[in-house]
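S.K.: Structure provided below as structure tokens; questions to follow.
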Amino acid sequence: MNEDVLSTPGHLISLAARSFARLSEVRLKPLGFGVGQLPVLIALQNGQASTQRDRARFAKVEQPPMAQMLTRMERDGLIERTRDPADGRSSHVVLTKTAKERMPEAISTLLKGNCEALAGFTDSEALQLVDFLTRLISNLDQISSADTSLN
């Protein structure tokens, strides 16, 4: 492996992630979304995250930042929260009509950005990259879990 820290996978992936985030932010802003909100919005849209803990896990963030994000999303008219009648400490979160209407364009915008970023890649190379990144993320999650359990 090359000893140049600026040529390591970690650094290059970090650069790519920041570039994707900037591109996505610019393109999603006119729709009223932030790039960090999309995993939560998609989880809500698909019914994959019924609790705040589920949403935080799905988006891979801690619960306090998730609570802050939900407050901003509610303020911006993207979600509605109602008290859970069975448990007054928790709330039921759903997408607003506005968010539901804008989601298809937001997803299309993100997919377009990915296609543009992969210009010159074959379909096989793009699938291989996704496989590599998925495996890398899994490895990092395992390392992080092991490090957290040591503390």
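Going by the structure tokens order, chains are called A, B, ..., each with residues numbered from 1, while ligands are numbered from 1 in the order shown.
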Please identify the helix (DSSP H, G or I) residues within chain A (assignment by DSSP from backbone atoms) and present them as a PyMOL selection string.
M.R.: chain A and resi 5-7+9-31+35-45+52-59+63-75+97-117+123-150
S.K.: Within 12 Å of segment 105-113 of chain A, which residues of segment 4-84 of chain A show up? Give each one with its shortest atom-to-atom distance in Å (one decimal) and the two atoms involved, counting only C-alpha atoms, rows by chain then rising residue number, as CSV.
M.R.:
residue,atom,partner,partner_atom,distance
A:Ser19,CA,A:Gly113,CA,10.7
A:Phe20,CA,A:Gly113,CA,7.9
A:Ala21,CA,A:Leu110,CA,10.1
A:Arg22,CA,A:Gly113,CA,10.9
A:Leu23,CA,A:Gly113,CA,7.5
A:Ser24,CA,A:Leu110,CA,6.5
A:Glu25,CA,A:Leu110,CA,9.8
A:Val26,CA,A:Thr109,CA,10.5
A:Arg27,CA,A:Thr109,CA,6.9
A:Leu28,CA,A:Ala106,CA,6.3
A:Lys29,CA,A:Ala106,CA,9.6
A:Pro30,CA,A:Ala106,CA,9.7
A:Leu31,CA,A:Ala106,CA,7.1
A:Gly32,CA,A:Ala106,CA,9.4
A:Phe33,CA,A:Ala106,CA,7.9
A:Gly34,CA,A:Ala106,CA,9.9
A:Val35,CA,A:Leu110,CA,9.2
A:Gln37,CA,A:Ala106,CA,11.0
A:Leu38,CA,A:Ala106,CA,8.5
A:Pro39,CA,A:Ile107,CA,10.7
A:Leu41,CA,A:Ala106,CA,10.4
A:Ile42,CA,A:Ile107,CA,9.1
A:Gln45,CA,A:Ile107,CA,11.8
S.K.: Could you check the closest approach to Gly47 of chain A for each of A:Val61, A:Leu95, A:Ile13, A:Leu78 and tell me which residue wins, using only C-alpha atoms?
M.R.: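 Smallest separation from Gly47 of chain A among the options: A:Leu95.
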S.K.: Out of segment 2-132 of chain A, which residues get strand (DSSP E or B) from DSSP, as a ChimeraX atom specification?
M.R.: /A:79-84,87-95
S.K.: When you draw a straight line from atom CA of Pro65 of chain A to atom CA of Ser145 of chain A, how long is it in Å?
M.R.: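 Rounded to one decimal, the two atoms are 19.2 Å apart.
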S.K.: Quick one: residues within 12 Å of segment 124-139 of chain A, only C-alpha atoms, excluding same-chain residues fewer than 6 positions away - as a VMD selection string?
M.R.: chain A and resid 9 to 10 13 16 to 17 60 114 to 118 145 to 146
S.K.: Keeping only N, CA and C atoms, take the residues you just selected and write them out as a PDB file, in the first residue's frame.
M.R.:
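Resulting contents of out_22.pdb:
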ATOM      1  N   PRO A   9      -7.048   4.997   0.647  1.00  0.00           N
ATOM      2  CA  PRO A   9      -8.493   4.901   0.424  1.00  0.00           C
ATOM      3  C   PRO A   9      -9.291   5.789   1.381  1.00  0.00           C
ATOM      4  N   GLY A  10      -8.883   5.829   2.649  1.00  0.00           N
ATOM      5  CA  GLY A  10      -9.624   6.642   3.615  1.00  0.00           C
ATOM      6  C   GLY A  10      -9.693   8.104   3.209  1.00  0.00           C
ATOM      7  N   ILE A  13     -11.739   8.469  -0.169  1.00  0.00           N
ATOM      8  CA  ILE A  13     -13.172   8.280   0.068  1.00  0.00           C
ATOM      9  C   ILE A  13     -13.748   9.499   0.787  1.00  0.00           C
ATOM     10  N   ALA A  16     -14.193  12.179  -1.796  1.00  0.00           N
ATOM     11  CA  ALA A  16     -15.351  11.868  -2.636  1.00  0.00           C
ATOM     12  C   ALA A  16     -16.650  12.130  -1.879  1.00  0.00           C
ATOM     13  N   ALA A  17     -16.703  11.740  -0.604  1.00  0.00           N
ATOM     14  CA  ALA A  17     -17.913  11.942   0.195  1.00  0.00           C
ATOM     15  C   ALA A  17     -18.239  13.424   0.338  1.00  0.00           C
ATOM     16  N   LYS A  60     -27.351   6.372  10.818  1.00  0.00           N
ATOM     17  CA  LYS A  60     -26.002   6.246  11.385  1.00  0.00           C
ATOM     18  C   LYS A  60     -25.547   7.531  12.081  1.00  0.00           C
ATOM     19  N   ASN A 114     -25.252  10.717  -8.967  1.00  0.00           N
ATOM     20  CA  ASN A 114     -24.442   9.502  -8.935  1.00  0.00           C
ATOM     21  C   ASN A 114     -24.067   9.061 -10.344  1.00  0.00           C
ATOM     22  N   CYS A 115     -25.005   9.111 -11.259  1.00  0.00           N
ATOM     23  CA  CYS A 115     -24.707   8.746 -12.659  1.00  0.00           C
ATOM     24  C   CYS A 115     -23.639   9.665 -13.236  1.00  0.00           C
ATOM     25  N   GLU A 116     -23.763  10.953 -12.982  1.00  0.00           N
ATOM     26  CA  GLU A 116     -22.774  11.906 -13.480  1.00  0.00           C
ATOM     27  C   GLU A 116     -21.397  11.643 -12.881  1.00  0.00           C
ATOM     28  N   ALA A 117     -21.368  11.328 -11.586  1.00  0.00           N
ATOM     29  CA  ALA A 117     -20.090  11.073 -10.915  1.00  0.00           C
ATOM     30  C   ALA A 117     -19.431   9.797 -11.427  1.00  0.00           C
ATOM     31  N   LEU A 118     -20.231   8.864 -11.912  1.00  0.00           N
ATOM     32  CA  LEU A 118     -19.699   7.599 -12.407  1.00  0.00           C
ATOM     33  C   LEU A 118     -19.504   7.589 -13.919  1.00  0.00           C
ATOM     34  N   SER A 145     -17.767  -0.703  16.433  1.00  0.00           N
ATOM     35  CA  SER A 145     -18.468  -1.427  17.499  1.00  0.00           C
ATOM     36  C   SER A 145     -17.479  -2.028  18.490  1.00  0.00           C
ATOM     37  N   ALA A 146     -16.393  -2.587  17.969  1.00  0.00           N
ATOM     38  CA  ALA A 146     -15.376  -3.186  18.848  1.00  0.00           C
ATOM     39  C   ALA A 146     -14.714  -2.110  19.700  1.00  0.00           C
TER      40      ALA A 146
END
S.K.: In terms of the shortest atom-to-atom distance over only C-alpha atoms, which of A:Leu15, A:Leu6, A:Ile143, A:Val94 is closest to Thr82 of chain A?
M.R.: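 Closest to Thr82 of chain A of all the choices is A:Val94.
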